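Enquirer: Dropping a structure here in structure tokens format, bear with me for questions.
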Amino acid sequence: MSAASFAPRSPSLSPADLNAFRARFLRAASGAAIVLLASLTLAHPVHADRLQVFSVRGVEDVNQGEQLADDISRLPGIHRARFEKVRAELTVTLANGVGDSVVLEALAQAGCQGSIGPGKGAYRAVPEYPPGADVKLLTTDGSAVGPLDKLRVSGKYTVFDVFAIWCGPCHLVDARLRELCATRRDLAVRRLNVVDFDSPLAVQLGYRLTALPHLIVYTPAGKRIEFEGYDPEALDAALAKK
């Protein structure tokens, strides 16, 4: 064979050698991919959203609180906002780089005061009852109070006002009772803050408690009348029964 017609012979690889070569190649490629991904991550780090709790002061009721949450969730950079009614707190998911001031400014514009962190939320204070009114707050934390008939006032109409501070219609009942106490001396009001529907007081009241406000009226003769919701006519009728 002349030098001009010379061609090198291709090496012959066995199947085992070929498989070993493929394995080394894949390991090298995988290692290079990992190094490349790590370098890209260091150059362009990924930041997660952050969760922040805001205490809200001056909110009227749960309806306003939930509306605040809905409005704030629509702001740029806010992914989610949820209102916790018992503690009057907002739990907000903010995008990376979005400051707490976005939420605090939105609360201020709504007439509320916001602060960072839990445990400082409060609803708007309700007016006091008129001087001389026979009014007592029997529980503030939803604790059970025992049989109500043992707590009624002899010789008076006794209204057990079962409410929650976050309940808007409860404020309407409270306003009506303040008006009645200003003119009637045969009326005693006993207020019970149930807090929520799973509290010990709620358990004590049982199946009858399905909504708020919940009113239980005892006449001077001891007759019990019970109803739910803001219903001034039903309240007046109960306070006229013997």
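Every chain in the structure tokens has a letter given in the order shown (A, B, ...), and although residue numbers restart at 1 in each chain, ligands are simply numbered from 1 in the order shown.
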From the DSSP assignment of the backbone, select every residue of segment 56-155 of chain A that is strand (DSSP E), and format the answer as a ChimeraX atom specification.
Expert: /A:56-59,78-84,89-94,113-116,122-123,134-139
Enquirer: Could you list, as a ChimeraX atom specification, every residue within 9 Å of Gly114 of chain A, counting only C-alpha atoms and ignoring same-chain residues fewer than 5 positions away?
Expert: /A:54-58,103-105,107-108,120-121
Enquirer: Give me, as a PyMOL selection string, the residues of segment 16-227 of chain A that a backbone DSSP run labels helix (DSSP H, G or I).
Expert: chain A and resi 16-43+62-73+101-109+148-150+168-181+200-208
Enquirer: Write out, as a Markdown table, each residue of segment 78-178 of chain A that has an atom at most 6 Å from segment 215-231 of chain A, together with the closest pair of atoms and their distance in Å to one decimal, counting only C-alpha atoms, rows going by chain and rising number.
Expert:
```
| residue | atom | partner | partner_atom | distance |
| --- | --- | --- | --- | --- |
| A:Gly155 | CA | A:Pro220 | CA | 4.8 |
| A:Lys156 | CA | A:Pro220 | CA | 4.9 |
| A:Tyr157 | CA | A:Thr219 | CA | 4.7 |
| A:Thr158 | CA | A:Tyr218 | CA | 5.1 |
| A:Val159 | CA | A:Val217 | CA | 4.5 |
| A:Phe160 | CA | A:Ile216 | CA | 5.0 |
| A:Asp161 | CA | A:Leu215 | CA | 5.0 |
| A:Pro169 | CA | A:Tyr230 | CA | 6.0 |
| A:Val173 | CA | A:Tyr230 | CA | 5.9 |
```
Enquirer: Take the selection from the previous step and output its residues with C-alpha atoms, as an mmCIF file, in the first residue's frame.
Expert:
```
data_model
loop_
_atom_site.group_PDB
_atom_site.id
_atom_site.type_symbol
_atom_site.label_atom_id
_atom_site.label_comp_id
_atom_site.auth_asym_id
_atom_site.auth_seq_id
_atom_site.Cartn_x
_atom_site.Cartn_y
_atom_site.Cartn_z
ATOM 1 C CA GLY A 155 -87.913 42.237 89.761
ATOM 2 C CA LYS A 156 -86.336 43.449 86.476
ATOM 3 C CA TYR A 157 -86.170 42.529 82.830
ATOM 4 C CA THR A 158 -82.740 40.969 82.483
ATOM 5 C CA VAL A 159 -81.128 41.021 79.037
ATOM 6 C CA PHE A 160 -78.180 38.688 78.533
ATOM 7 C CA ASP A 161 -76.374 40.218 75.574
ATOM 8 C CA PRO A 169 -74.614 43.905 64.375
ATOM 9 C CA VAL A 173 -77.754 45.919 69.755
#
```
Enquirer: Can you measure atom CA of Ser115 of chain A to atom CA of Asp141 of chain A for me? One decimal in Å is fine.
Expert: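 Atom CA of Ser115 of chain A sits 23.4 Å away from atom CA of Asp141 of chain A.
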Enquirer: Excluding Leu209 of chain A and residues on its chain fewer than 4 positions from it, collect all residues at most 9 Å away from it, counting only C-alpha atoms, and give them as a PDB file with C-alpha atoms, in the first residue's frame.
Expert:
```
ATOM      1  CA  PHE A 197     -68.114  30.071  68.463  1.00  0.00           C
ATOM      2  CA  ALA A 202     -70.398  29.045  73.336  1.00  0.00           C
ATOM      3  CA  VAL A 203     -70.238  25.421  74.456  1.00  0.00           C
ATOM      4  CA  LEU A 205     -75.026  27.968  75.350  1.00  0.00           C
ATOM      5  CA  HIS A 214     -77.654  36.456  70.541  1.00  0.00           C
ATOM      6  CA  GLU A 228     -80.667  36.131  67.406  1.00  0.00           C
TER       7      GLU A 228
END
```
Enquirer: Which of these residues is nearest to Leu212 of chain A, using only C-alpha atoms: A:Ile116, A:Cys170, A:Leu94, A:Leu192?
Expert: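 The answer is A:Cys170, which sits nearest to Leu212 of chain A.
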Enquirer: Check the smallest atom-to-atom distance from each of A:Ala240, A:Val59, A:Val189, A:Leu201 to Leu90 of chain A using only C-alpha atoms, then report the winner.
Expert: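 Under the stated criterion, the closest residue is A:Val59.
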Enquirer: Would you mind telling me which residue in A:Pro200, A:Gly142, A:Pro232, A:Gly132 lies nearest to Arg176 of chain A when using only C-alpha atoms?
Expert: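 Of all the options, A:Pro232 lies closest to Arg176 of chain A.
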